[in-house]
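Colleague: You'll find query-v7.cif just under this line, and it carries mmCIF, C-alpha atoms.
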```
data_run
loop_
_atom_site.label_atom_id
_atom_site.label_comp_id
_atom_site.auth_asym_id
_atom_site.auth_seq_id
_atom_site.Cartn_x
_atom_site.Cartn_y
_atom_site.Cartn_z
CA GLN A 497 126.04 115.64 110.79
CA ASP A 498 128.95 117.21 108.96
CA SER A 499 129.06 120.74 107.61
CA PRO A 500 127.33 121.47 104.28
CA GLU A 501 130.71 121.60 102.56
CA GLN A 502 131.86 118.27 104.00
CA MET A 503 128.60 116.56 103.10
CA ALA A 504 128.73 117.91 99.56
CA SER A 505 132.31 116.69 99.14
CA ARG A 506 131.46 113.18 100.35
CA VAL A 507 128.43 112.96 98.07
CA LYS A 508 130.56 113.91 95.08
CA GLN A 509 132.93 111.07 95.98
CA TYR A 510 130.04 108.61 96.23
CA CYS A 511 128.80 109.69 92.80
CA GLU A 512 132.20 108.79 91.39
CA GLU A 513 131.89 105.35 93.04
CA GLY A 514 128.69 104.64 91.13
CA TYR A 515 125.94 105.55 93.58
CA THR A 516 122.86 107.14 92.02
CA LYS A 517 120.47 107.69 94.96
CA PHE A 518 121.34 109.49 98.18
CA GLN A 519 119.89 109.74 101.67
CA LEU A 520 121.04 112.87 103.50
CA LYS A 521 120.85 112.72 107.28
CA VAL A 522 119.32 115.88 108.71
CA GLY A 523 117.13 116.50 111.78
CA ASN A 524 119.22 119.08 113.63
CA GLN A 525 118.83 122.87 113.59
CA PRO A 526 116.49 123.76 110.70
CA HIS A 527 118.62 126.54 109.20
CA ASP A 528 121.75 124.34 109.26
CA ASP A 529 119.82 121.50 107.65
CA ILE A 530 118.51 123.79 104.91
CA ALA A 531 122.10 124.75 104.08
CA ARG A 532 123.14 121.08 103.96
CA ILE A 533 120.27 120.21 101.63
CA PHE A 534 121.03 123.04 99.21
CA ALA A 535 124.77 122.21 99.15
CA VAL A 536 124.22 118.51 98.40
CA ARG A 537 121.47 119.11 95.84
CA LYS A 538 123.81 121.47 93.95
CA VAL A 539 126.52 118.78 93.78
CA LEU A 540 124.01 116.25 92.46
CA ASP A 541 122.66 118.70 89.88
CA ASP A 542 126.22 119.38 88.71
CA GLN A 543 126.81 115.65 88.41
CA THR A 544 123.65 115.26 86.33
CA LYS A 545 124.77 118.05 83.99
CA SER A 546 128.14 116.38 83.43
CA THR A 547 127.02 112.72 83.26
CA GLY A 548 123.35 112.81 82.29
CA VAL A 549 122.50 110.58 85.27
CA TYR A 550 119.72 111.83 87.56
CA HIS A 551 120.37 111.58 91.31
CA PRO A 552 117.36 111.56 93.68
CA LEU A 553 118.02 113.03 97.15
CA LEU A 554 116.14 111.94 100.28
CA CYS A 555 116.40 114.31 103.25
CA ASP A 556 115.98 112.02 106.25
CA ALA A 557 115.34 113.71 109.61
CA ASN A 558 115.00 110.38 111.46
CA THR A 559 112.15 111.88 113.55
CA GLY A 560 114.49 114.68 114.64
CA TRP A 561 112.32 117.78 114.15
CA LEU A 562 109.36 119.14 116.00
CA ARG A 563 106.49 120.12 113.74
CA HIS A 564 107.34 123.82 113.68
CA GLU A 565 110.97 122.98 112.82
CA ALA A 566 109.87 120.65 110.04
CA MET A 567 107.70 123.42 108.64
CA GLN A 568 110.69 125.79 108.67
CA VAL A 569 112.62 123.30 106.58
CA VAL A 570 109.86 122.51 104.07
CA ASN A 571 109.30 126.22 103.54
CA GLY A 572 113.04 126.81 103.21
CA ILE A 573 113.51 124.15 100.53
CA LYS A 574 110.22 124.72 98.72
CA GLY A 575 110.64 124.06 95.02
CA LEU A 576 113.88 122.09 95.50
CA ASP A 577 114.09 118.65 93.88
CA VAL A 578 114.24 116.54 97.06
CA TYR A 579 112.24 114.00 99.05
CA LEU A 580 111.37 114.61 102.71
CA GLU A 581 111.70 111.59 104.98
CA MET A 582 110.26 111.00 108.47
CA PRO A 583 110.47 114.58 109.75
CA CYS A 584 108.84 114.05 113.17
CA GLU A 585 108.58 111.38 115.87
CA THR A 586 104.97 110.28 115.48
CA TYR A 587 102.91 109.29 112.48
CA GLU A 588 100.34 111.98 113.29
CA GLU A 589 103.00 114.71 113.35
CA CYS A 590 104.42 113.52 110.04
CA LEU A 591 100.95 113.48 108.50
CA SER A 592 100.45 117.07 109.62
CA VAL A 593 103.66 118.12 107.86
CA ARG A 594 102.69 116.10 104.79
CA GLU A 595 99.48 118.12 104.52
CA HIS A 596 101.50 121.35 104.28
CA THR A 597 104.07 120.47 101.62
CA ASP A 598 104.21 119.43 97.97
CA LEU A 599 107.54 117.62 98.43
CA PRO A 600 107.50 113.85 97.81
CA PHE A 601 107.08 112.27 101.25
CA VAL A 602 108.77 109.19 102.72
CA LEU A 603 107.75 107.33 105.90
CA ASP A 604 110.05 104.99 107.80
CA GLU A 605 110.24 104.49 111.57
CA CYS A 606 106.47 104.34 112.09
CA ILE A 607 106.08 101.29 109.83
CA GLN A 608 106.15 98.23 112.10
CA ASP A 609 103.37 96.02 110.76
CA VAL A 610 100.91 95.54 107.92
CA GLY A 611 98.19 97.38 109.84
CA MET A 612 100.27 100.57 109.87
CA MET A 613 100.90 100.22 106.15
CA VAL A 614 97.16 99.90 105.52
CA ARG A 615 96.62 103.11 107.49
CA ILE A 616 99.30 104.93 105.50
CA LEU A 617 97.65 103.90 102.25
CA ALA A 618 94.21 104.97 103.47
CA ASP A 619 95.55 108.38 104.57
CA ARG A 620 97.66 108.81 101.41
CA ALA A 621 100.41 109.68 103.84
CA ALA A 622 103.46 108.72 101.76
CA ASP A 623 104.79 108.55 98.22
CA VAL A 624 107.65 106.19 99.13
CA VAL A 625 108.16 103.99 102.21
CA ASN A 626 111.17 102.46 103.94
CA LEU A 627 110.72 98.82 104.89
CA LYS A 628 113.03 97.58 107.63
CA ILE A 629 113.03 93.78 107.64
CA GLY A 630 113.83 93.33 111.32
CA LYS A 631 111.34 95.96 112.50
CA LEU A 632 108.59 94.21 110.53
CA GLY A 633 109.38 90.86 112.15
CA GLY A 634 111.57 89.16 109.54
CA LEU A 635 111.49 88.33 105.85
CA THR A 636 108.09 86.60 105.82
CA LYS A 637 106.23 89.55 107.35
CA ALA A 638 108.28 92.07 105.37
CA ARG A 639 107.28 90.28 102.18
CA VAL A 640 103.58 90.71 103.05
CA VAL A 641 104.04 94.47 103.46
CA ARG A 642 106.20 94.58 100.32
CA ASP A 643 103.49 92.84 98.28
CA LEU A 644 100.85 95.22 99.65
CA CYS A 645 102.97 98.20 98.57
CA VAL A 646 103.46 96.71 95.10
CA SER A 647 99.69 96.28 94.72
CA ALA A 648 99.12 99.87 95.87
CA GLY A 649 101.84 101.31 93.64
CA ILE A 650 104.04 102.60 96.48
CA PRO A 651 107.80 102.34 95.76
CA MET A 652 110.03 101.12 98.58
CA ASN A 653 113.48 101.48 100.03
CA ILE A 654 114.26 98.00 101.34
CA GLU A 655 116.71 97.89 104.24
CA ASP A 656 116.95 97.17 107.96
CA THR A 657 117.74 99.01 111.18
CA TRP A 658 121.40 97.96 110.84
CA GLY A 659 123.42 94.85 110.11
CA GLY A 660 126.34 93.17 108.45
CA ASP A 661 126.77 90.54 105.76
CA VAL A 662 123.91 88.24 106.82
CA THR A 663 121.46 91.13 107.08
CA GLN A 664 122.69 92.44 103.76
CA ALA A 665 121.95 89.13 102.07
CA ALA A 666 118.36 89.29 103.35
CA ILE A 667 118.00 92.86 102.07
CA ALA A 668 119.37 91.88 98.66
CA ALA A 669 117.06 88.86 98.40
CA LEU A 670 113.92 90.87 99.17
CA ALA A 671 115.02 93.78 96.97
CA HIS A 672 115.78 91.62 93.93
CA SER A 673 112.41 89.84 94.22
CA THR A 674 110.63 93.20 94.08
CA PRO A 675 109.46 94.56 90.70
CA PRO A 676 112.17 97.02 89.58
CA GLU A 677 109.75 99.90 89.16
CA MET A 678 108.64 99.46 92.79
CA LEU A 679 112.18 99.29 94.21
CA PHE A 680 113.19 102.87 94.94
CA CYS A 681 116.54 101.77 96.39
CA ALA A 682 118.20 99.47 98.92
CA THR A 683 120.92 100.06 101.50
CA ASP A 684 124.34 98.39 101.59
CA PHE A 685 125.07 98.08 105.30
CA ASN A 686 128.02 95.76 104.89
CA SER A 687 129.91 98.58 103.17
CA TYR A 688 129.95 100.39 106.53
CA GLY A 689 131.32 97.53 108.60
CA PRO A 690 135.06 97.14 109.16
CA VAL A 691 134.85 93.33 109.48
CA THR A 692 133.44 90.72 107.07
CA ILE A 693 131.61 88.02 109.06
CA ALA A 694 130.29 85.98 106.11
CA ASP A 695 130.92 85.46 102.41
CA THR A 696 128.01 86.50 100.18
CA THR A 697 127.31 87.77 96.69
CA ALA A 698 125.42 90.67 98.31
CA VAL A 699 128.37 93.06 98.12
CA ARG A 700 128.27 96.52 96.59
CA LYS A 701 130.12 96.91 93.29
CA GLY A 702 129.85 100.11 91.29
CA GLY A 703 126.87 101.31 93.28
CA ARG A 704 124.92 98.08 92.71
CA MET A 705 124.43 94.80 94.54
CA ALA A 706 123.79 91.24 93.37
CA ALA A 707 121.19 88.93 94.86
CA PRO A 708 122.22 85.73 96.69
CA ILE A 709 122.53 82.80 94.27
CA GLU A 710 123.01 79.97 96.77
CA PRO A 711 120.16 78.27 98.69
CA GLY A 712 118.59 80.24 101.51
CA LEU A 713 120.28 83.59 102.03
CA GLY A 714 123.40 82.30 100.31
CA VAL A 715 125.76 83.26 103.13
CA PHE A 716 128.77 81.33 104.36
CA PRO A 717 129.73 82.43 107.89
CA ARG A 718 133.38 83.01 108.67
CA TRP A 719 133.48 81.06 111.91
CA ASP A 720 137.06 82.09 112.61
CA VAL A 721 135.90 85.70 112.65
CA LEU A 722 132.69 85.09 114.60
CA GLY A 723 134.45 83.06 117.28
CA ASP A 724 132.81 80.84 119.89
CA ALA A 725 129.03 80.85 120.32
CA VAL A 726 127.70 83.27 122.91
CA TYR A 727 124.73 80.99 123.62
CA ASP A 728 124.20 77.29 122.84
CA THR A 729 120.66 75.89 123.11
CA GLU A 730 122.02 72.36 123.32
CA LYS A 731 123.78 73.19 126.59
CA ASP A 732 120.83 75.01 128.16
CA THR A 733 119.31 72.71 130.79
CA ARG A 734 116.33 74.92 131.62
CA PRO A 735 112.83 73.67 130.71
CA ILE A 736 111.11 75.05 127.60
CA SER A 737 108.83 77.21 129.75
CA GLU A 738 111.86 79.15 130.99
CA CYS A 739 113.80 79.13 127.73
CA PRO A 740 111.75 80.28 124.70
CA ASN A 741 114.76 79.96 122.37
CA LYS A 742 115.26 76.28 123.15
CA PRO A 743 114.20 73.96 120.30
CA PHE A 744 111.49 71.35 120.93
CA ARG A 745 112.52 67.70 120.97
#
```
Kindly present the structure from the file in structure tokens form.
Modeller:
Amino acid sequence: QDSPEQMASRVKQYCEEGYTKFQLKVGNQPHDDIARIFAVRKVLDDQTKSTGVYHPLLCDANTGWLRHEAMQVVNGIKGLDVYLEMPCETYEECLSVREHTDLPFVLDECIQDVGMMVRILADRAADVVNLKIGKLGGLTKARVVRDLCVSAGIPMNIEDTWGGDVTQAAIAALAHSTPPEMLFCATDFNSYGPVTIADTTAVRKGGRMAAPIEPGLGVFPRWDVLGDAVYDTEKDTRPISECPNKPFR
């Protein structure tokens, strides 16, 4: 993580580019993280005063704190207008922190299937959840969890563990098919990548992203960029029992 001053400066730049929701990566030394959170929240509050646009701030520890460190942070930022995301490694540790804070709470890494989402709902363990398409097993399974969250009134950040243009198209498709009031935000991973591997309408413009309009995910691979195939099932002579990726004939 950068210094509080560097983070605040970058967030101000992103505000000017049209972004309205921010996820601040923390999870290091508690006192340093507290300083980062205060610095970024001040920038966002100043932006709201000048533009009238409210900017939510998620403080994402990515499981980086122990419970006592997480408690230091929640006590240090008590009363601040922020969300706390995935402070500790395990679900049980996060639930313990949740029980000691009034901050809106976000869960992420622990959500890997519909059963875990049912448990979260039963425990009232989160106010917002992050759904990672790949971690849930693909779009079909992610949609099941998404629909459960919609029925339960739990807003979602729809994203993935990482990806480029193809992944981004999947994120955009699931996000745009979610009721707007249940879509907390989505992540634009292809803005981070230095290389475009496919053409898609799922490209960030002014802090927003369009859904695919073509059939399927609406992506058109740039084969000249991707290069030759790393693996070709047609050329694999092994029997099906030894090659689970090989299509049946």
Colleague: Which residues come within 12 Å of Val640 of chain A, counting only C-alpha atoms, excluding same-chain residues fewer than 3 positions away, as a tab-separated table (two decimals) with C-alpha atoms, keeping the file's coordinate frame?
Modeller:
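Once everything was written out, this is out.tsv:
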```tsv
chain	number	residue	atom	x	y	z
A	609	ASP	CA	103.37	96.02	110.76
A	610	VAL	CA	100.91	95.54	107.92
A	611	GLY	CA	98.19	97.38	109.84
A	613	MET	CA	100.90	100.22	106.15
A	614	VAL	CA	97.16	99.90	105.52
A	627	LEU	CA	110.72	98.82	104.89
A	629	ILE	CA	113.03	93.78	107.64
A	632	LEU	CA	108.59	94.21	110.53
A	633	GLY	CA	109.38	90.86	112.15
A	634	GLY	CA	111.57	89.16	109.54
A	635	LEU	CA	111.49	88.33	105.85
A	636	THR	CA	108.09	86.60	105.82
A	637	LYS	CA	106.23	89.55	107.35
A	643	ASP	CA	103.49	92.84	98.28
A	644	LEU	CA	100.85	95.22	99.65
A	645	CYS	CA	102.97	98.20	98.57
A	646	VAL	CA	103.46	96.71	95.10
A	647	SER	CA	99.69	96.28	94.72
A	670	LEU	CA	113.92	90.87	99.17
A	674	THR	CA	110.63	93.20	94.08
```
Colleague: Apply the PyMOL selection byres ((chain A and resi 686-691) around 10) to the structure shown and report the selected residues as a list in words.
Modeller: Trp658, Gly659, Gly660, Asp661, Val662, Thr663, Gln664, Ala665, Thr683, Asp684, Phe685, Thr692, Ile693, Ala694, Ala698, Val699, Arg700, Val721 and Leu722 of chain A
Colleague: Once the PyMOL selection byres ((chain A and resi 499-511) around 12) has been applied to the shown file, what residues remain in the selection, as a PyMOL selection string?
Modeller: chain A and resi 497-498+512-522+524+527-544+546-547+549-553+702-703
Colleague: Measuring atom to atom with all atoms listed in the file, identify which of A:Gln525, A:Asn626, A:Thr597, A:Thr657 is nearest to Ile573 of chain A.
Modeller: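 The answer is A:Thr597, which sits nearest to Ile573 of chain A.
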Colleague: Report, in Å with one decimal, the straight-line distance from atom CA of Ala706 of chain A to atom CA of Leu679 of chain A.
Modeller: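 Computed distance, atom CA of Ala706 of chain A to atom CA of Leu679 of chain A, equals 14.2 Å.
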Colleague: Do you know which residues the PyMOL selection byres ((chain A and resi 621) around 10) returns on this file, as a PDB file with C-alpha atoms, in the frame of the given file?
Modeller:
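Written out: out29.pdb:
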```pdb
ATOM      1  CA  TYR A 587     102.910 109.290 112.480  1.00  0.00           C
ATOM      2  CA  GLU A 588     100.340 111.980 113.290  1.00  0.00           C
ATOM      3  CA  CYS A 590     104.420 113.520 110.040  1.00  0.00           C
ATOM      4  CA  LEU A 591     100.950 113.480 108.500  1.00  0.00           C
ATOM      5  CA  SER A 592     100.450 117.070 109.620  1.00  0.00           C
ATOM      6  CA  VAL A 593     103.660 118.120 107.860  1.00  0.00           C
ATOM      7  CA  ARG A 594     102.690 116.100 104.790  1.00  0.00           C
ATOM      8  CA  GLU A 595      99.480 118.120 104.520  1.00  0.00           C
ATOM      9  CA  PHE A 601     107.080 112.270 101.250  1.00  0.00           C
ATOM     10  CA  VAL A 602     108.770 109.190 102.720  1.00  0.00           C
ATOM     11  CA  LEU A 603     107.750 107.330 105.900  1.00  0.00           C
ATOM     12  CA  MET A 613     100.900 100.220 106.150  1.00  0.00           C
ATOM     13  CA  ARG A 615      96.620 103.110 107.490  1.00  0.00           C
ATOM     14  CA  ILE A 616      99.300 104.930 105.500  1.00  0.00           C
ATOM     15  CA  LEU A 617      97.650 103.900 102.250  1.00  0.00           C
ATOM     16  CA  ALA A 618      94.210 104.970 103.470  1.00  0.00           C
ATOM     17  CA  ASP A 619      95.550 108.380 104.570  1.00  0.00           C
ATOM     18  CA  ARG A 620      97.660 108.810 101.410  1.00  0.00           C
ATOM     19  CA  ALA A 622     103.460 108.720 101.760  1.00  0.00           C
ATOM     20  CA  ASP A 623     104.790 108.550  98.220  1.00  0.00           C
ATOM     21  CA  VAL A 624     107.650 106.190  99.130  1.00  0.00           C
ATOM     22  CA  VAL A 625     108.160 103.990 102.210  1.00  0.00           C
TER      23      VAL A 625
END
```
Colleague: Which distance in Å separates atom CA of Val569 of chain A and atom CA of Glu589 of chain A, to one decimal?
Modeller: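 According to the coordinates, atom CA of Val569 of chain A and atom CA of Glu589 of chain A are separated by 14.6 Å.
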Colleague: Could you state the separation of atom CA of Gly630 of chain A and atom CA of Thr586 of chain A in Å, given to one decimal place?
Modeller: 19.6 Å
Colleague: Point out the residue among A:Pro711, A:Glu605, A:Asp656, A:Ala725 with the least atom-to-atom distance to Lys628 of chain A, counting all atoms listed in the file.
Modeller: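 Ranked by minimum distance to Lys628 of chain A, first place goes to A:Asp656.
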Colleague: To test the calculation: enclose all listed atoms of segment 714-722 of chain A in a box whose edges run along x, y and z, add 3 Å on each side, then state centre and edge lengths in Å to one decimal, as AutoDock Vina command-line options.
Modeller:
```
--center_x 130.2 --center_y 83.4 --center_z 107.5 --size_x 19.7 --size_y 10.6 --size_z 20.3
```
Colleague: How about completing segment 624-635 of chain A with all heavy atoms and giving it to me as a short mmCIF file (atom, residue, chain, number, x, y, z; two decimals), in the frame of the given file?
Modeller:
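The file below, selection30.cif, is the result:
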```cif
data_model
loop_
_atom_site.label_atom_id
_atom_site.label_comp_id
_atom_site.auth_asym_id
_atom_site.auth_seq_id
_atom_site.Cartn_x
_atom_site.Cartn_y
_atom_site.Cartn_z
N VAL A 624 106.65 107.26 99.07
CA VAL A 624 107.65 106.19 99.13
C VAL A 624 107.71 105.74 100.59
O VAL A 624 107.48 106.55 101.50
CB VAL A 624 109.04 106.68 98.68
CG1 VAL A 624 110.08 105.56 98.78
CG2 VAL A 624 108.99 107.22 97.25
N VAL A 625 108.00 104.46 100.83
CA VAL A 625 108.16 103.99 102.21
C VAL A 625 109.47 103.23 102.36
O VAL A 625 109.98 102.64 101.40
CB VAL A 625 106.99 103.09 102.67
CG1 VAL A 625 105.70 103.90 102.74
CG2 VAL A 625 106.82 101.89 101.75
N ASN A 626 110.01 103.27 103.57
CA ASN A 626 111.17 102.46 103.94
C ASN A 626 110.68 101.22 104.68
O ASN A 626 109.96 101.35 105.68
CB ASN A 626 112.11 103.25 104.85
CG ASN A 626 113.09 104.10 104.08
OD1 ASN A 626 112.93 104.30 102.88
ND2 ASN A 626 114.09 104.62 104.76
N LEU A 627 111.07 100.06 104.21
CA LEU A 627 110.72 98.82 104.89
C LEU A 627 111.96 98.25 105.55
O LEU A 627 112.93 97.89 104.87
CB LEU A 627 110.13 97.80 103.90
CG LEU A 627 108.87 98.22 103.14
CD1 LEU A 627 108.33 97.04 102.35
CD2 LEU A 627 107.81 98.78 104.08
N LYS A 628 111.93 98.16 106.87
CA LYS A 628 113.03 97.58 107.63
C LYS A 628 112.64 96.15 108.01
O LYS A 628 111.70 95.93 108.78
CB LYS A 628 113.34 98.42 108.86
CG LYS A 628 114.00 99.77 108.55
CD LYS A 628 114.34 100.52 109.81
CE LYS A 628 115.31 101.67 109.53
NZ LYS A 628 114.75 102.73 108.69
N ILE A 629 113.38 95.19 107.49
CA ILE A 629 113.03 93.78 107.64
C ILE A 629 112.89 93.38 109.10
O ILE A 629 111.91 92.75 109.50
CB ILE A 629 114.06 92.90 106.92
CG1 ILE A 629 114.02 93.16 105.40
CG2 ILE A 629 113.80 91.41 107.20
CD1 ILE A 629 115.13 92.47 104.63
N GLY A 630 113.87 93.72 109.92
CA GLY A 630 113.83 93.33 111.32
C GLY A 630 112.68 93.98 112.08
O GLY A 630 112.03 93.34 112.91
N LYS A 631 112.42 95.24 111.80
CA LYS A 631 111.34 95.96 112.50
C LYS A 631 109.97 95.37 112.15
O LYS A 631 109.05 95.38 112.98
CB LYS A 631 111.39 97.44 112.15
CG LYS A 631 110.34 98.27 112.85
CD LYS A 631 110.60 99.76 112.70
CE LYS A 631 111.70 100.22 113.63
NZ LYS A 631 111.80 101.69 113.69
N LEU A 632 109.85 94.82 110.94
CA LEU A 632 108.59 94.21 110.53
C LEU A 632 108.43 92.78 111.02
O LEU A 632 107.38 92.17 110.84
CB LEU A 632 108.46 94.25 109.00
CG LEU A 632 108.20 95.64 108.41
CD1 LEU A 632 108.41 95.63 106.91
CD2 LEU A 632 106.79 96.12 108.76
N GLY A 633 109.49 92.21 111.60
CA GLY A 633 109.38 90.86 112.15
C GLY A 633 110.01 89.78 111.31
O GLY A 633 109.71 88.59 111.48
N GLY A 634 110.89 90.16 110.36
CA GLY A 634 111.57 89.16 109.54
C GLY A 634 111.12 89.18 108.09
O GLY A 634 110.23 89.94 107.70
N LEU A 635 111.74 88.33 107.29
CA LEU A 635 111.49 88.33 105.85
C LEU A 635 110.05 87.98 105.49
O LEU A 635 109.48 88.57 104.57
CB LEU A 635 112.44 87.34 105.17
CG LEU A 635 113.83 87.86 104.82
CD1 LEU A 635 114.73 86.72 104.36
CD2 LEU A 635 113.75 88.94 103.74
#
```
